[in-house]
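One structure is given below, encoded as structure tokens.
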Amino acid sequence: MTSEQCKPGPWSRELDHLLRSISSAFLFGVALLYTMEVWWLGMTVEYWKLFLFLLVAVGVNFFVGHFSGLSQEKGCWSVFFRAVQSFVIGLVSAFVCLVVLNRITFEDPVASVIGKTLMMVIPFSIGAFLSDIVIPFLGKRTEEEEADPDAHPWKETLADIGATIAGGIFIGLPIAPTEEVSKLAVELGFWNELALIGLTLLVTYLIVFACFPNREESLDRQSIPFLQRPMVETGFSYTVSLLLALALLFFFDQIESDEPVRFILSEVITLGFPIAIGGAAGRLAV
Amino acid sequence: MTNEQQADQARTIAQWVVIGGSLLVLLGMTGFLVVDYFVAGHEPPRVFVKPLQAEVKKGDEGYSIPIQVSNRGDLIVENVWVQVSTTVSKSEPEVAQFEIDFLPAGKTVRQIIIFREDPSKVTFKHLVSYRTP
């Protein structure tokens, strides 16, 4: 097969770009999700401030892309369209998170839904806009290291565990001692918990594997050790993230000795979301 | 037309589909906010408290009853404090109170209260206080 035939098509390239943007949006935005004052502001904020948020979210991306040259796009309109596209990716990503975390329900008034989502959108959209820089930068070493087929499987697995813990602590440490974790956990329903587990696995898979299709293909071979296969590694790292979440909650006295196991599990799943995303970024970088 | 030209044309279509979808979402949301700002009323908050006596359930701790609190005004309210008491002629009235952080316009929430006596056939009295942002 020639290199011309291997070249991805335009729709495939757009999809890759979209997946990269979503991954980067979650990396930048996940920490803000765990700030209850932002949820409340989303309900009470005046309309002119919402418009300001909208303008800032698009405007920051535009100025960063146009004047700093951090965008691959050339020309004002191209950068503007890219900024709008990143804003919408950030908006949808934030909306999905808020629905899954039960901060937005279908009974909420539309203005309240838009308010809560717009309050979260700036870091998500900046993350989406900078995806062409952030994801390749984080994944640079990862791609280089794939060239070594003789790497010891346990060394790789231990490196993954270490990276997951390092990245997870980086994101999870400031969130674990806060009241938001228990407040979110209390209000999570059964379906929210299932959706949160699914979203965590999906996003971490996207960050580590879907952004690097070549890496996914090379790792999918039968010769690759079991724990290094994409699906297995994603699930295994998620387990490490959940254990880390449990440890952090215990360390910060967020779990009492007489706490019901069911509630502890909800708290662990809730804190496991940002920790797993941090861990995925860690695995990408190390 | 060469393969390269076809690829360029297809890429343009793919990109324009994404750009068009993005602009549609952005303009749709902005449009909603503008229309809602000018069309929606600016009535002050009106908080209604309604005990749902048809839904009383007997349990080990007593009788649970859902209290429905709704905001039928056009503005959000904060720190909605509600006190509910049952009025029974012979015995002491039972009093319960709770607080809701935020109640947006058009939103209804349900709070469960447990009374010792059956509240399905008694008369309720309530007090409400709230703060406007």
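By order in the structure tokens, chains are A, B, ...; within a chain, residues start at 1; ligands start at 1, following the order shown.
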
Note to self: Give me, as a PyMOL selection string, the residues of chain A touching chain B, with the criterion being at most 6 Å (counting only C-alpha atoms).
What the structure shows: chain A and resi 10-11+85+88

The selected residues should be written to file as a tab-separated table (two decimals), in the first residue's frame (atoms: C-alpha atoms).
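part_5.tsv, written as the output of this step:
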chain	number	residue	atom	x	y	z
A	10	PRO	CA	-10.84	14.93	4.69
A	11	TRP	CA	-13.66	13.63	6.89
A	85	GLN	CA	-15.58	25.79	16.36
A	88	VAL	CA	-18.84	25.10	20.38

Note to self: Residues near Thr164 (chain A), anyone? I mean within 12 Å using only C-alpha atoms, not counting same-chain ones fewer than 4 positions away, as a PyMOL selection string.
What the structure shows: chain A and resi 157-160+168-172+204+208+233-245+272+274-286

Notebook entry, point to check: Expressed in Å to a single decimal, how great is the separation between CA of Asp60 (chain B) and CA of Phe124 (chain B)?
Noted result: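 The value is 22.5 Å.
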
Notebook entry, point to check: Which residue, B:Ser85, B:Phe48, B:Ala40, B:Ser70, has the smallest gap to His126 (chain B) when you use only C-alpha atoms?
Noted result: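 Of B:Ser85, B:Phe48, B:Ala40, B:Ser70, the one nearest His126 (chain B), counting only C-alpha atoms, is B:Ser85.
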
Next item on the list: Provide the CA of Ala111 (chain A) to CA of Thr44 (chain A) distance in Å, to one decimal place.
Entry: 10.0 Å

Notebook entry, point to check: Contacts of Ile112 (chain B) at 10 Å or less, counting only C-alpha atoms, minus same-chain residues fewer than 2 places along, as number ranges by chain?
Noted result: B: 51-52, 56, 63-68, 98, 110, 114-115

Note to self: Report, in Å with one decimal, the straight-line distance from CA of Lys57 (chain B) to CA of Gln111 (chain B).
What the structure shows: 13.8 Å

Item checked: Exercise: Thr87 (chain B) partners within 8 Å, only C-alpha atoms, chain neighbours under 3 positions left out, as a list of chain:residue names -> B:Pro93, B:Glu94, B:Val122, B:Thr123, B:Phe124, B:Lys125
